[in-house]
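Pasted below: upload-v7.txt, compact mmCIF, C-alpha atoms and all ligand atoms.
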# COMPACT_ATOMS: atom_id res chain seq x y z
CA MET A 295 0.00 0.00 0.00
CA VAL A 296 1.34 3.40 -0.96
CA LYS A 297 0.61 6.15 1.47
CA ALA A 298 -0.05 9.55 -0.08
CA SER A 299 2.24 12.30 1.09
CA ASP A 300 0.71 15.60 2.17
CA ASP A 301 1.65 17.08 -1.19
CA ASP A 302 -0.56 14.57 -2.97
CA VAL A 303 -3.69 15.43 -1.01
CA LYS A 304 -6.17 16.84 -3.44
CA THR A 305 -8.36 19.63 -2.21
CA PHE A 306 -12.03 18.73 -2.49
CA THR A 307 -13.99 21.73 -3.75
CA VAL A 308 -17.60 22.14 -2.74
CA VAL A 309 -19.67 24.90 -4.27
CA ILE A 310 -22.63 26.03 -2.20
CA ASP A 311 -25.29 27.70 -4.28
CA ARG A 312 -28.00 29.55 -2.44
CA GLY A 313 -30.90 29.35 -4.81
CA HIS A 314 -32.54 32.65 -5.67
CA ASP A 315 -31.20 36.15 -5.86
CA ASP A 316 -32.18 39.74 -5.26
CA VAL A 317 -34.70 39.63 -8.12
CA ASP A 318 -36.08 36.09 -7.75
CA ARG A 319 -36.29 35.86 -3.96
CA GLY A 320 -38.02 32.47 -3.92
CA ALA A 321 -41.03 31.90 -1.71
CA ILE A 322 -42.19 34.98 0.23
CA VAL A 323 -44.49 34.57 3.24
CA GLU A 324 -45.43 37.33 5.68
CA ASP A 325 -42.67 39.59 4.31
CA GLU A 326 -40.00 36.93 4.88
CA SER A 327 -38.25 35.51 1.83
CA GLU A 328 -36.42 32.26 1.22
CA PHE A 329 -33.50 34.36 -0.11
CA GLU A 330 -33.10 36.29 3.16
CA ILE A 331 -33.66 33.42 5.59
CA LEU A 332 -31.01 31.32 3.82
CA TYR A 333 -28.47 34.14 3.73
CA ALA A 334 -27.35 33.84 7.36
CA LEU A 335 -27.60 30.05 7.32
CA VAL A 336 -25.40 29.58 4.28
CA ALA A 337 -22.86 32.14 5.50
CA GLU A 338 -22.55 30.16 8.75
CA ILE A 339 -22.12 26.83 6.90
CA THR A 340 -19.13 28.11 5.00
CA GLY A 341 -17.15 28.87 8.17
CA GLU A 342 -15.23 26.70 10.67
CA LEU A 343 -13.78 24.20 8.23
CA THR A 344 -10.96 22.07 9.56
CA SER A 345 -10.20 19.54 6.84
CA ASP A 346 -8.79 19.80 3.36
CA VAL A 347 -12.06 20.96 1.87
CA ASN A 348 -12.40 24.15 -0.09
CA VAL A 349 -15.92 25.50 0.22
CA ILE A 350 -16.97 28.26 -2.12
CA TYR A 351 -20.15 30.17 -1.42
CA HIS A 352 -21.21 31.04 -4.94
CA ASN A 353 -22.84 34.42 -5.58
CA PRO A 354 -23.18 35.49 -1.92
CA THR A 355 -24.47 38.95 -2.81
CA GLY A 356 -27.32 37.46 -4.81
CA VAL A 357 -26.71 38.95 -8.25
CA HIS A 358 -29.58 37.98 -10.55
CA LEU A 359 -28.51 35.08 -12.80
CA SER A 360 -30.24 32.83 -15.30
CA ILE A 361 -29.91 29.07 -14.71
CA GLU A 362 -27.42 28.93 -17.62
CA GLU A 363 -25.28 31.74 -16.14
CA ARG A 364 -25.45 30.18 -12.71
CA ALA A 365 -24.35 26.77 -14.05
CA ALA A 366 -21.54 28.28 -16.17
CA GLN A 367 -20.13 30.22 -13.21
CA ILE A 368 -20.31 27.14 -10.98
CA ASN A 369 -18.64 24.92 -13.60
CA ALA A 370 -15.80 27.44 -13.94
CA LEU A 371 -14.99 26.80 -10.27
CA LYS A 372 -14.34 23.12 -11.13
CA PRO A 373 -16.28 21.72 -8.17
CA ASP A 374 -16.17 18.15 -6.85
CA LEU A 375 -19.64 18.65 -5.41
CA VAL A 376 -22.39 21.23 -5.85
CA ILE A 377 -25.09 21.76 -3.24
CA SER A 378 -27.94 24.13 -3.98
CA ILE A 379 -29.76 25.23 -0.84
CA HIS A 380 -33.42 26.20 -0.78
CA MET A 381 -36.40 26.02 1.49
CA GLY A 382 -39.45 23.98 0.56
CA PHE A 383 -43.01 25.27 0.27
CA SER A 384 -45.83 22.85 1.09
CA ASN A 385 -48.92 22.29 3.19
CA ASN A 386 -47.17 19.53 5.14
CA GLY A 387 -46.55 21.63 8.24
CA PRO A 388 -43.25 22.27 9.99
CA ARG A 389 -40.05 20.18 10.31
CA GLN A 390 -39.83 19.44 6.59
CA ALA A 391 -36.56 18.80 4.79
CA ALA A 392 -35.77 17.10 1.50
CA ILE A 393 -32.91 16.19 -0.77
CA VAL A 394 -33.66 16.64 -4.47
CA LEU A 395 -31.63 14.73 -7.06
CA ASN A 396 -31.75 14.71 -10.86
CA ASP A 397 -30.96 11.40 -12.57
CA LYS A 398 -29.69 13.30 -15.63
CA ASN A 399 -26.81 14.70 -13.57
CA MET A 400 -23.60 13.24 -15.03
CA GLU A 401 -22.56 11.84 -11.63
CA PHE A 402 -25.90 10.65 -10.30
CA ALA A 403 -24.48 7.74 -8.24
CA LYS A 404 -21.90 9.95 -6.56
CA SER A 405 -24.58 12.60 -5.95
CA LYS A 406 -26.70 10.02 -4.10
CA GLU A 407 -23.71 8.93 -2.03
CA HIS A 408 -22.92 12.47 -0.85
CA ALA A 409 -26.61 13.23 -0.29
CA SER A 410 -26.97 10.18 1.92
CA SER A 411 -24.00 11.31 4.02
CA LEU A 412 -25.51 14.78 4.41
CA ILE A 413 -28.80 13.19 5.53
CA THR A 414 -26.93 11.19 8.18
CA HIS A 415 -25.38 14.38 9.54
CA LEU A 416 -28.41 16.67 9.37
CA THR A 417 -30.76 14.17 11.03
CA LYS A 418 -28.63 14.38 14.19
CA ASP A 419 -30.77 17.46 14.79
CA ALA A 420 -34.04 15.99 16.13
CA TYR A 421 -35.95 18.89 14.54
CA PHE A 422 -35.17 17.49 11.07
CA SER A 423 -35.27 13.82 12.11
CA THR A 424 -36.64 12.75 8.72
CA ILE A 425 -35.32 14.01 5.40
CA ARG A 426 -37.12 12.88 2.25
CA THR A 427 -35.33 12.13 -0.99
CA GLU A 428 -36.88 12.88 -4.36
CA VAL A 429 -35.67 12.69 -7.95
CA ASN A 430 -36.97 15.31 -10.36
CA GLY A 431 -35.90 17.40 -13.34
CA THR A 432 -34.39 20.40 -11.51
CA ALA A 433 -32.42 22.06 -14.32
CA LEU A 434 -29.36 23.32 -12.44
CA LEU A 435 -28.48 19.78 -11.30
CA GLU A 436 -28.39 18.65 -14.91
CA LYS A 437 -26.29 21.57 -16.13
CA VAL A 438 -23.43 21.32 -13.63
CA ASN A 439 -20.48 19.04 -14.47
CA ALA A 440 -20.14 17.51 -11.01
CA PRO A 441 -22.11 15.50 -8.47
CA ALA A 442 -24.92 17.77 -7.33
CA PHE A 443 -28.09 17.85 -5.30
CA MET A 444 -30.48 20.34 -3.81
CA LEU A 445 -31.20 20.56 -0.11
CA GLU A 446 -34.58 21.97 0.84
CA ILE A 447 -34.27 22.79 4.51
CA GLY A 448 -37.44 23.83 6.28
CA ASN A 449 -40.85 24.73 4.94
CA MET A 450 -41.34 28.42 4.07
CA ASN A 451 -45.07 27.85 4.53
CA ALA A 452 -44.61 26.90 8.21
CA ALA A 453 -43.92 29.83 10.58
CA ARG A 454 -42.22 27.46 13.00
CA ASP A 455 -39.61 26.45 10.41
CA ARG A 456 -38.92 30.05 9.43
CA TYR A 457 -38.47 30.93 13.11
CA TYR A 458 -36.29 27.88 13.79
CA LEU A 459 -33.91 28.64 10.93
CA GLN A 460 -33.48 32.21 12.16
CA THR A 461 -32.85 31.21 15.80
CA ASN A 462 -31.46 27.96 17.37
CA GLY A 463 -31.84 25.94 14.21
CA SER A 464 -29.39 28.04 12.25
CA LYS A 465 -26.53 27.01 14.54
CA ARG A 466 -27.60 23.34 14.69
CA VAL A 467 -27.96 22.97 10.96
CA SER A 468 -24.68 24.74 10.29
CA ILE A 469 -22.73 22.62 12.80
CA ASN A 470 -24.04 19.37 11.29
CA PHE A 471 -23.48 20.65 7.77
CA THR A 472 -19.93 21.67 8.61
CA THR A 473 -19.22 18.20 10.04
CA PHE A 474 -20.46 16.71 6.76
CA LEU A 475 -18.13 19.01 4.80
CA ASN A 476 -15.17 18.15 7.03
CA ASP A 477 -15.84 14.43 6.44
CA LEU A 478 -15.68 14.77 2.64
CA ASN A 479 -12.74 13.71 0.43
ZN ZN B 1 -36.15 27.98 -3.68
Would you mind writing the file's structure down as structure tokens?
Amino acid sequence: MVKASDDDVKTFTVVIDRGHDDVDRGAIVEDESEFEILYALVAEITGELTSDVNVIYHNPTGVHLSIEERAAQINALKPDLVISIHMGFSNNGPRQAAIVLNDKNMEFAKSKEHASSLITHLTKDAYFSTIRTEVNGTALLEKVNAPAFMLEIGNMNAARDRYYLQTNGSKRVSINFTTFLNDLN
């Protein structure tokens, strides 16, 4: 067995895409938007990394981009994994979270593998004890040249989820997410 020297360690690049921007703010309920609620959460996730993982928070200021522009900018960063973060919107009440995959993504199997690891980490928070997985045609996931999935964390249509993600939940989700990132590569 050949042991890799430190010089051979390849940095694993994760691009975090916060869906939506300052024009398309996503779901808006009682003057709160998906775009704003996710801002603090995603900023927290991209801190406190200890391992050899390079995490890039794509488009933090929320410049308005088409799906094609968004995908082209992400691909230029040559990611090993792309995670697009949204909130869901349903009548299913609070404590909703889901992973969305697209089977036309060029690395569908690898996408599922990483998604399953993220589920293991995020469900350590009892608030999101169940995370659904669905496969649909979400365009961005098909246009990026890397394993990719979407995380829908919380239900915009449930006041309790919006409150949770802006108080205690923000820290809990970001700690578990950061552990997932530090376990990659
Ligand atoms: Zn969204």
Write out as a ChimeraX atom specification the residues lying within 10 Å of Thr472 (chain A), counting all atoms listed in the file and excluding same-chain residues fewer than 2 positions away. /A:338-344,412,415-416,466-470,474-477
What do you get as a CSV table (one decimal) with C-alpha atoms, in the coordinates of the input if you pick all residues at most 12 Å from ligand ZN 1 (chain B), counting all atoms listed in the file?
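Final file, result35.csv:
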chain,number,residue,atom,x,y,z
A,311,ASP,CA,-25.3,27.7,-4.3
A,312,ARG,CA,-28.0,29.6,-2.4
A,313,GLY,CA,-30.9,29.4,-4.8
A,314,HIS,CA,-32.5,32.6,-5.7
A,315,ASP,CA,-31.2,36.2,-5.9
A,318,ASP,CA,-36.1,36.1,-7.8
A,319,ARG,CA,-36.3,35.9,-4.0
A,320,GLY,CA,-38.0,32.5,-3.9
A,321,ALA,CA,-41.0,31.9,-1.7
A,322,ILE,CA,-42.2,35.0,0.2
A,327,SER,CA,-38.2,35.5,1.8
A,328,GLU,CA,-36.4,32.3,1.2
A,329,PHE,CA,-33.5,34.4,-0.1
A,330,GLU,CA,-33.1,36.3,3.2
A,331,ILE,CA,-33.7,33.4,5.6
A,332,LEU,CA,-31.0,31.3,3.8
A,378,SER,CA,-27.9,24.1,-4.0
A,379,ILE,CA,-29.8,25.2,-0.8
A,380,HIS,CA,-33.4,26.2,-0.8
A,381,MET,CA,-36.4,26.0,1.5
A,382,GLY,CA,-39.4,24.0,0.6
A,383,PHE,CA,-43.0,25.3,0.3
A,384,SER,CA,-45.8,22.8,1.1
A,394,VAL,CA,-33.7,16.6,-4.5
A,432,THR,CA,-34.4,20.4,-11.5
A,444,MET,CA,-30.5,20.3,-3.8
A,445,LEU,CA,-31.2,20.6,-0.1
A,446,GLU,CA,-34.6,22.0,0.8
A,447,ILE,CA,-34.3,22.8,4.5
A,448,GLY,CA,-37.4,23.8,6.3
A,449,ASN,CA,-40.8,24.7,4.9
A,450,MET,CA,-41.3,28.4,4.1
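The smallest atom-to-atom distance between Ser411 (chain A) and any of A:Ala365, A:Ile393, A:Asp455, A:Ala433, using all atoms listed in the file, is found for A:Ile393.
The space between CA of Gln367 (chain A) and CA of Ser345 (chain A) spans 24.8 Å.
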Using all atoms listed in the file, the shortest atom-to-atom distance to Ala337 (chain A) among A:Phe471, A:Ala403, A:Phe422, A:Asp374 belongs to A:Phe471
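CA of Thr355 (chain A) is positioned 8.1 Å from CA of Asp316 (chain A).
Between CA of Ile368 (chain A) and CA of Glu401 (chain A) the interatomic distance comes to 15.5 Å.
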Report as a JSON list (two decimals) with C-alpha atoms, in the frame of the given file all protein, DNA and RNA residues lying within 12 Å of Ser423 (chain A), evaluated on only C-alpha atoms, omitting residues in the same chain fewer than 2 positions from it.
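result14.json written:
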[["chain", "number", "residue", "atom", "x", "y", "z"],
["A", 388, "PRO", "CA", -43.25, 22.27, 9.99],
["A", 389, "ARG", "CA", -40.05, 20.18, 10.31],
["A", 390, "GLN", "CA", -39.83, 19.44, 6.59],
["A", 391, "ALA", "CA", -36.56, 18.80, 4.79],
["A", 392, "ALA", "CA", -35.77, 17.10, 1.50],
["A", 413, "ILE", "CA", -28.80, 13.19, 5.53],
["A", 414, "THR", "CA", -26.93, 11.19, 8.18],
["A", 415, "HIS", "CA", -25.38, 14.38, 9.54],
["A", 416, "LEU", "CA", -28.41, 16.67, 9.37],
["A", 417, "THR", "CA", -30.76, 14.17, 11.03],
["A", 418, "LYS", "CA", -28.63, 14.38, 14.19],
["A", 419, "ASP", "CA", -30.77, 17.46, 14.79],
["A", 420, "ALA", "CA", -34.04, 15.99, 16.13],
["A", 421, "TYR", "CA", -35.95, 18.89, 14.54],
["A", 425, "ILE", "CA", -35.32, 14.01, 5.40],
["A", 426, "ARG", "CA", -37.12, 12.88, 2.25],
["A", 447, "ILE", "CA", -34.27, 22.79, 4.51],
["A", 448, "GLY", "CA", -37.44, 23.83, 6.28],
["A", 467, "VAL", "CA", -27.96, 22.97, 10.96]]
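You can rank A:Ala409, A:Val376, A:Ile361, A:Leu395 by their closest distance to Asn430 (chain A) using only C-alpha atoms, and at the top of that list sits A:Leu395.
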So, with only C-alpha atoms as the atoms that count, which of A:Phe306, A:Tyr333, A:Phe402, A:Tyr351 lies closest to Phe443 (chain A)? A:Phe402
From A:Pro373, A:Glu326, A:Lys398, A:Ala440, residue lying nearest Tyr457 (chain A) [only C-alpha atoms]: A:Glu326
Judged by all atoms listed in the file, the minimum distance to Lys404 (chain A) among A:Ile377, A:Ala442, A:Gly387, A:Leu359 is found for A:Ala442
Export: region 313-339 of chain A, N, CA and C atoms, as a PDB file, in the first residue's frame:
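Wrote part-v2.pdb, looks like this:
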ATOM      1  N   GLY A 313     -29.958  29.089  -3.742  1.00  0.00           N
ATOM      2  CA  GLY A 313     -30.900  29.346  -4.812  1.00  0.00           C
ATOM      3  C   GLY A 313     -31.465  30.743  -4.641  1.00  0.00           C
ATOM      4  N   HIS A 314     -31.886  31.337  -5.703  1.00  0.00           N
ATOM      5  CA  HIS A 314     -32.538  32.655  -5.674  1.00  0.00           C
ATOM      6  C   HIS A 314     -31.540  33.802  -5.576  1.00  0.00           C
ATOM      7  N   ASP A 315     -32.057  34.969  -5.821  1.00  0.00           N
ATOM      8  CA  ASP A 315     -31.196  36.152  -5.864  1.00  0.00           C
ATOM      9  C   ASP A 315     -32.043  37.367  -5.554  1.00  0.00           C
ATOM     10  N   ASP A 316     -31.449  38.547  -5.698  1.00  0.00           N
ATOM     11  CA  ASP A 316     -32.183  39.740  -5.258  1.00  0.00           C
ATOM     12  C   ASP A 316     -33.352  40.120  -6.170  1.00  0.00           C
ATOM     13  N   VAL A 317     -33.509  39.412  -7.289  1.00  0.00           N
ATOM     14  CA  VAL A 317     -34.695  39.635  -8.124  1.00  0.00           C
ATOM     15  C   VAL A 317     -35.709  38.513  -7.891  1.00  0.00           C
ATOM     16  N   ASP A 318     -35.236  37.262  -8.031  1.00  0.00           N
ATOM     17  CA  ASP A 318     -36.080  36.095  -7.752  1.00  0.00           C
ATOM     18  C   ASP A 318     -35.773  35.639  -6.324  1.00  0.00           C
ATOM     19  N   ARG A 319     -36.581  36.116  -5.370  1.00  0.00           N
ATOM     20  CA  ARG A 319     -36.293  35.863  -3.958  1.00  0.00           C
ATOM     21  C   ARG A 319     -36.887  34.558  -3.440  1.00  0.00           C
ATOM     22  N   GLY A 320     -37.432  33.731  -4.343  1.00  0.00           N
ATOM     23  CA  GLY A 320     -38.017  32.465  -3.923  1.00  0.00           C
ATOM     24  C   GLY A 320     -39.357  32.694  -3.254  1.00  0.00           C
ATOM     25  N   ALA A 321     -39.740  31.770  -2.389  1.00  0.00           N
ATOM     26  CA  ALA A 321     -41.030  31.902  -1.711  1.00  0.00           C
ATOM     27  C   ALA A 321     -40.990  33.082  -0.743  1.00  0.00           C
ATOM     28  N   ILE A 322     -42.085  33.849  -0.705  1.00  0.00           N
ATOM     29  CA  ILE A 322     -42.187  34.980   0.227  1.00  0.00           C
ATOM     30  C   ILE A 322     -43.472  34.796   1.035  1.00  0.00           C
ATOM     31  N   VAL A 323     -43.331  34.732   2.360  1.00  0.00           N
ATOM     32  CA  VAL A 323     -44.486  34.568   3.238  1.00  0.00           C
ATOM     33  C   VAL A 323     -44.356  35.584   4.370  1.00  0.00           C
ATOM     34  N   GLU A 324     -45.416  36.320   4.608  1.00  0.00           N
ATOM     35  CA  GLU A 324     -45.430  37.331   5.682  1.00  0.00           C
ATOM     36  C   GLU A 324     -44.168  38.198   5.671  1.00  0.00           C
ATOM     37  N   ASP A 325     -43.829  38.690   4.494  1.00  0.00           N
ATOM     38  CA  ASP A 325     -42.673  39.586   4.308  1.00  0.00           C
ATOM     39  C   ASP A 325     -41.316  38.929   4.546  1.00  0.00           C
ATOM     40  N   GLU A 326     -41.292  37.614   4.745  1.00  0.00           N
ATOM     41  CA  GLU A 326     -40.003  36.929   4.881  1.00  0.00           C
ATOM     42  C   GLU A 326     -39.760  36.133   3.606  1.00  0.00           C
ATOM     43  N   SER A 327     -38.541  36.239   3.065  1.00  0.00           N
ATOM     44  CA  SER A 327     -38.255  35.513   1.830  1.00  0.00           C
ATOM     45  C   SER A 327     -37.240  34.406   2.074  1.00  0.00           C
ATOM     46  N   GLU A 328     -37.350  33.381   1.218  1.00  0.00           N
ATOM     47  CA  GLU A 328     -36.415  32.262   1.219  1.00  0.00           C
ATOM     48  C   GLU A 328     -34.976  32.800   1.074  1.00  0.00           C
ATOM     49  N   PHE A 329     -34.800  33.746   0.173  1.00  0.00           N
ATOM     50  CA  PHE A 329     -33.504  34.355  -0.111  1.00  0.00           C
ATOM     51  C   PHE A 329     -32.866  34.916   1.166  1.00  0.00           C
ATOM     52  N   GLU A 330     -33.644  35.654   1.953  1.00  0.00           N
ATOM     53  CA  GLU A 330     -33.095  36.290   3.157  1.00  0.00           C
ATOM     54  C   GLU A 330     -32.864  35.298   4.289  1.00  0.00           C
ATOM     55  N   ILE A 331     -33.812  34.385   4.484  1.00  0.00           N
ATOM     56  CA  ILE A 331     -33.656  33.417   5.588  1.00  0.00           C
ATOM     57  C   ILE A 331     -32.409  32.572   5.360  1.00  0.00           C
ATOM     58  N   LEU A 332     -32.156  32.195   4.108  1.00  0.00           N
ATOM     59  CA  LEU A 332     -31.012  31.325   3.824  1.00  0.00           C
ATOM     60  C   LEU A 332     -29.677  32.067   3.839  1.00  0.00           C
ATOM     61  N   TYR A 333     -29.711  33.377   3.783  1.00  0.00           N
ATOM     62  CA  TYR A 333     -28.466  34.141   3.728  1.00  0.00           C
ATOM     63  C   TYR A 333     -27.572  33.866   4.932  1.00  0.00           C
ATOM     64  N   ALA A 334     -28.127  34.029   6.130  1.00  0.00           N
ATOM     65  CA  ALA A 334     -27.349  33.840   7.357  1.00  0.00           C
ATOM     66  C   ALA A 334     -26.943  32.381   7.512  1.00  0.00           C
ATOM     67  N   LEU A 335     -27.865  31.490   7.184  1.00  0.00           N
ATOM     68  CA  LEU A 335     -27.600  30.051   7.324  1.00  0.00           C
ATOM     69  C   LEU A 335     -26.423  29.625   6.450  1.00  0.00           C
ATOM     70  N   VAL A 336     -26.458  30.007   5.203  1.00  0.00           N
ATOM     71  CA  VAL A 336     -25.401  29.583   4.282  1.00  0.00           C
ATOM     72  C   VAL A 336     -24.064  30.229   4.654  1.00  0.00           C
ATOM     73  N   ALA A 337     -24.100  31.470   5.101  1.00  0.00           N
ATOM     74  CA  ALA A 337     -22.857  32.141   5.503  1.00  0.00           C
ATOM     75  C   ALA A 337     -22.221  31.399   6.676  1.00  0.00           C
ATOM     76  N   GLU A 338     -23.040  30.887   7.578  1.00  0.00           N
ATOM     77  CA  GLU A 338     -22.549  30.158   8.749  1.00  0.00           C
ATOM     78  C   GLU A 338     -21.952  28.802   8.337  1.00  0.00           C
ATOM     79  N   ILE A 339     -22.587  28.139   7.380  1.00  0.00           N
ATOM     80  CA  ILE A 339     -22.121  26.829   6.904  1.00  0.00           C
ATOM     81  C   ILE A 339     -20.709  26.918   6.332  1.00  0.00           C
TER      82      ILE A 339
END
